[in-house]
Amino acid sequence: RTIDAASFATETADEIVVVATIDNEIRGFAALYAPDAFLHHLYVAPAAQREGVGSALLHDMIRRTNGALSLKCQLASTRARAFYAKHNFIEGERGGDDTGPWVRLHAPAH
């Protein structure tokens, strides 16, 4: 989905946002709600996928939460679920909301 800058600012107001750039070009970003160690957003530009940007952002979020990171992933997002599985995330509880069914993923214990 696409949102405007004002909506993004509202959605991430209380979050730590990390932006990945290469040659001054934004390649991706992650947003962390630190009190719950919850990864709210992790996006990589299509042209930058498979360059390690997502992995670098994810590892930074794991470091910031001392390994307590969790997130929700849409069940239908098979590529995203495979990405997190590659990083040894463990699938936990399932639920659903207005975006569809999801599964909570937890960072591997350190």
# chains A, B, ... in the order shown; residues from 1 in each chain; ligands from 1
>>> residues_around(residues="Ala47 of chain A", least_positions_apart="5", cutoff="12 Å", atoms="only C-alpha atoms", output="list in words")
Ile22, Glu25, Ile26, Arg27, Gly28, Gly52 and Val53 of chain A
>>> write_last_selection(atoms="N, CA, C and O atoms", output="PDB file, in the first residue's frame")
ATOM      1  N   ILE A  22      21.968   3.875   0.053  1.00  0.00           N
ATOM      2  CA  ILE A  22      23.186   3.561  -0.693  1.00  0.00           C
ATOM      3  C   ILE A  22      23.343   4.668  -1.721  1.00  0.00           C
ATOM      4  O   ILE A  22      22.413   4.951  -2.478  1.00  0.00           O
ATOM      5  N   GLU A  25      20.636   7.247  -1.866  1.00  0.00           N
ATOM      6  CA  GLU A  25      19.326   6.807  -2.355  1.00  0.00           C
ATOM      7  C   GLU A  25      18.707   5.878  -1.308  1.00  0.00           C
ATOM      8  O   GLU A  25      19.359   4.944  -0.838  1.00  0.00           O
ATOM      9  N   ILE A  26      17.460   6.163  -0.935  1.00  0.00           N
ATOM     10  CA  ILE A  26      16.768   5.317   0.041  1.00  0.00           C
ATOM     11  C   ILE A  26      16.514   3.954  -0.574  1.00  0.00           C
ATOM     12  O   ILE A  26      15.920   3.842  -1.650  1.00  0.00           O
ATOM     13  N   ARG A  27      16.967   2.914   0.139  1.00  0.00           N
ATOM     14  CA  ARG A  27      16.774   1.534  -0.331  1.00  0.00           C
ATOM     15  C   ARG A  27      15.771   0.769   0.520  1.00  0.00           C
ATOM     16  O   ARG A  27      15.254  -0.245   0.092  1.00  0.00           O
ATOM     17  N   GLY A  28      15.534   1.268   1.736  1.00  0.00           N
ATOM     18  CA  GLY A  28      14.577   0.594   2.604  1.00  0.00           C
ATOM     19  C   GLY A  28      14.497   1.296   3.938  1.00  0.00           C
ATOM     20  O   GLY A  28      15.243   2.239   4.203  1.00  0.00           O
ATOM     21  N   GLY A  52      20.842  -7.480   0.518  1.00  0.00           N
ATOM     22  CA  GLY A  52      21.193  -7.502   1.924  1.00  0.00           C
ATOM     23  C   GLY A  52      20.625  -6.361   2.742  1.00  0.00           C
ATOM     24  O   GLY A  52      20.874  -6.270   3.951  1.00  0.00           O
ATOM     25  N   VAL A  53      19.852  -5.488   2.103  1.00  0.00           N
ATOM     26  CA  VAL A  53      19.283  -4.325   2.802  1.00  0.00           C
ATOM     27  C   VAL A  53      18.316  -4.781   3.890  1.00  0.00           C
ATOM     28  O   VAL A  53      18.393  -4.336   5.044  1.00  0.00           O
TER      29      VAL A  53
END
>>> residues_around(residues="Lys86 of chain A", least_positions_apart="3", cutoff="12 Å", atoms="only C-alpha atoms", output="PyMOL selection string")
chain A and resi 54-55+58+79-83+89-90+107-108
>>> select_by_dssp(residues="chain A", states="strand (DSSP E)", output="ChimeraX atom specification")
/A:16-22,25-33,38-44,70-74,90-97,100-106
>>> residues_around(residues="Tyr43 of chain A", least_positions_apart="2", cutoff="10 Å", atoms="only C-alpha atoms", output="number ranges by chain")
A: 19-20, 27-31, 41, 45-46, 49, 53-54, 57
>>> write_last_selection(atoms="N, CA, C and O atoms", output="mmCIF file, in the first residue's frame")
data_model
loop_
_atom_site.group_PDB
_atom_site.id
_atom_site.type_symbol
_atom_site.label_atom_id
_atom_site.label_comp_id
_atom_site.auth_asym_id
_atom_site.auth_seq_id
_atom_site.Cartn_x
_atom_site.Cartn_y
_atom_site.Cartn_z
ATOM 1 N N VAL A 19 16.561 4.256 8.314
ATOM 2 C CA VAL A 19 16.504 4.308 6.858
ATOM 3 C C VAL A 19 17.822 3.790 6.294
ATOM 4 O O VAL A 19 18.900 4.202 6.730
ATOM 5 N N ALA A 20 17.729 2.887 5.339
ATOM 6 C CA ALA A 20 18.910 2.346 4.666
ATOM 7 C C ALA A 20 19.107 3.097 3.357
ATOM 8 O O ALA A 20 18.193 3.179 2.538
ATOM 9 N N ARG A 27 16.967 2.914 0.139
ATOM 10 C CA ARG A 27 16.774 1.534 -0.331
ATOM 11 C C ARG A 27 15.771 0.769 0.520
ATOM 12 O O ARG A 27 15.254 -0.245 0.092
ATOM 13 N N GLY A 28 15.534 1.268 1.736
ATOM 14 C CA GLY A 28 14.577 0.594 2.604
ATOM 15 C C GLY A 28 14.497 1.296 3.938
ATOM 16 O O GLY A 28 15.243 2.239 4.203
ATOM 17 N N PHE A 29 13.569 0.831 4.778
ATOM 18 C CA PHE A 29 13.455 1.380 6.121
ATOM 19 C C PHE A 29 12.801 0.366 7.037
ATOM 20 O O PHE A 29 12.139 -0.576 6.587
ATOM 21 N N ALA A 30 13.020 0.571 8.317
ATOM 22 C CA ALA A 30 12.373 -0.240 9.342
ATOM 23 C C ALA A 30 11.876 0.698 10.426
ATOM 24 O O ALA A 30 12.497 1.730 10.691
ATOM 25 N N ALA A 31 10.754 0.350 11.045
ATOM 26 C CA ALA A 31 10.196 1.136 12.143
ATOM 27 C C ALA A 31 9.923 0.203 13.309
ATOM 28 O O ALA A 31 9.266 -0.832 13.157
ATOM 29 N N HIS A 41 7.278 -1.911 10.784
ATOM 30 C CA HIS A 41 7.493 -1.850 9.341
ATOM 31 C C HIS A 41 8.888 -2.357 9.008
ATOM 32 O O HIS A 41 9.841 -2.079 9.728
ATOM 33 N N ALA A 45 13.007 -1.369 -1.112
ATOM 34 C CA ALA A 45 12.610 -1.006 -2.476
ATOM 35 C C ALA A 45 12.806 -2.215 -3.385
ATOM 36 O O ALA A 45 13.797 -2.944 -3.252
ATOM 37 N N PRO A 46 11.882 -2.461 -4.307
ATOM 38 C CA PRO A 46 12.010 -3.622 -5.192
ATOM 39 C C PRO A 46 13.373 -3.717 -5.892
ATOM 40 O O PRO A 46 13.944 -4.801 -5.988
ATOM 41 N N GLN A 49 16.035 -5.269 -3.511
ATOM 42 C CA GLN A 49 15.836 -6.570 -2.888
ATOM 43 C C GLN A 49 16.944 -7.523 -3.309
ATOM 44 O O GLN A 49 17.506 -7.419 -4.391
ATOM 45 N N VAL A 53 19.852 -5.488 2.103
ATOM 46 C CA VAL A 53 19.283 -4.325 2.802
ATOM 47 C C VAL A 53 18.316 -4.781 3.890
ATOM 48 O O VAL A 53 18.393 -4.336 5.044
ATOM 49 N N GLY A 54 17.407 -5.663 3.549
ATOM 50 C CA GLY A 54 16.431 -6.147 4.526
ATOM 51 C C GLY A 54 17.107 -6.869 5.678
ATOM 52 O O GLY A 54 16.743 -6.667 6.839
ATOM 53 N N LEU A 57 18.752 -4.269 7.980
ATOM 54 C CA LEU A 57 17.745 -3.588 8.800
ATOM 55 C C LEU A 57 17.225 -4.510 9.899
ATOM 56 O O LEU A 57 17.082 -4.106 11.057
#
>>> closest_residue(among="A:Thr21, A:Ser77, A:Thr65, A:Ser70", to="Val44 of chain A", atoms="only C-alpha atoms")
A:Thr21
>>> select_by_dssp(residues="chain A", states="helix (DSSP H, G or I)", output="PyMOL selection string")
chain A and resi 5-11+34-36+46-48+53-64+78-86
